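Data first, discussion second: the structure below is written as structure tokens.
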Amino acid sequence: MDPLPPTPAADAGVYRLTIRLREPVRLRAGRLGSFDLPAGVYVYCGSAQRNLAARLARHRRKRKTRRWHVDYLLTRREARLERIETFAADKAGECALARQARADGGVIVAPGFGASDCRNGCGAHLLWMGE
């Protein structure tokens, strides 16, 4: 049984993933480098301007070719995708979600993670929300 809510019918939008990391890990995220991630809850903010449902289905799979930074985290045995939320918004909405997570106490523990194409100075689109 899938613990996640159903994906929307919309083909585009922004999304927020809630990921639980059961224990600390040293994570290598492609060319971005390596990071020591503490255990706890993370929020990852992303967007898909087409094929949103397919992107979310891909995020749900444990086995995949690692293409995006978040793939390196989601394929770890210590990581569990707990929730997916979607919002009707253009790509800028991704940064708005990241700003909201920071305002809610989120901490950047992996600078640049998920934000290699960000032009709004977010610092990262993966935020550690604590234990």
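Every chain in the structure tokens has a letter given in the order shown (A, B, ...), and although residue numbers restart at 1 in each chain, ligands are simply numbered from 1 in the order shown.
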
Per DSSP on the backbone, what are the alpha helix (DSSP H) residues of chain A, as a VMD selection string? chain A and resid 52 to 60 69 to 74 92 to 103

Please identify all polymer residues within 8 Å of Ala124 in chain A, counting only C-alpha atoms, omitting same-chain residues fewer than 2 positions from it, and present them as a PyMOL selection string. chain A and resi 98+108+110-115+122+126-127

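Distances from A:Leu52, A:Arg60, A:Thr65, A:Asp117 to Gly13 in chain A were compared using only C-alpha atoms, and the smallest one belongs to A:Leu52.
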
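The neighbours of Ala88 in chain A here are the residues that come within 12 Å of it, using only C-alpha atoms and leaving out any residue fewer than 6 positions away in the same chain; they are Pro8, Ala9, Ala10, Asp11, Ala12, Gly13, Val14, Tyr15, Arg16, Ser47, Ala48, Gln49, Arg50, Leu52, Glu94 and Leu97 of chain A.
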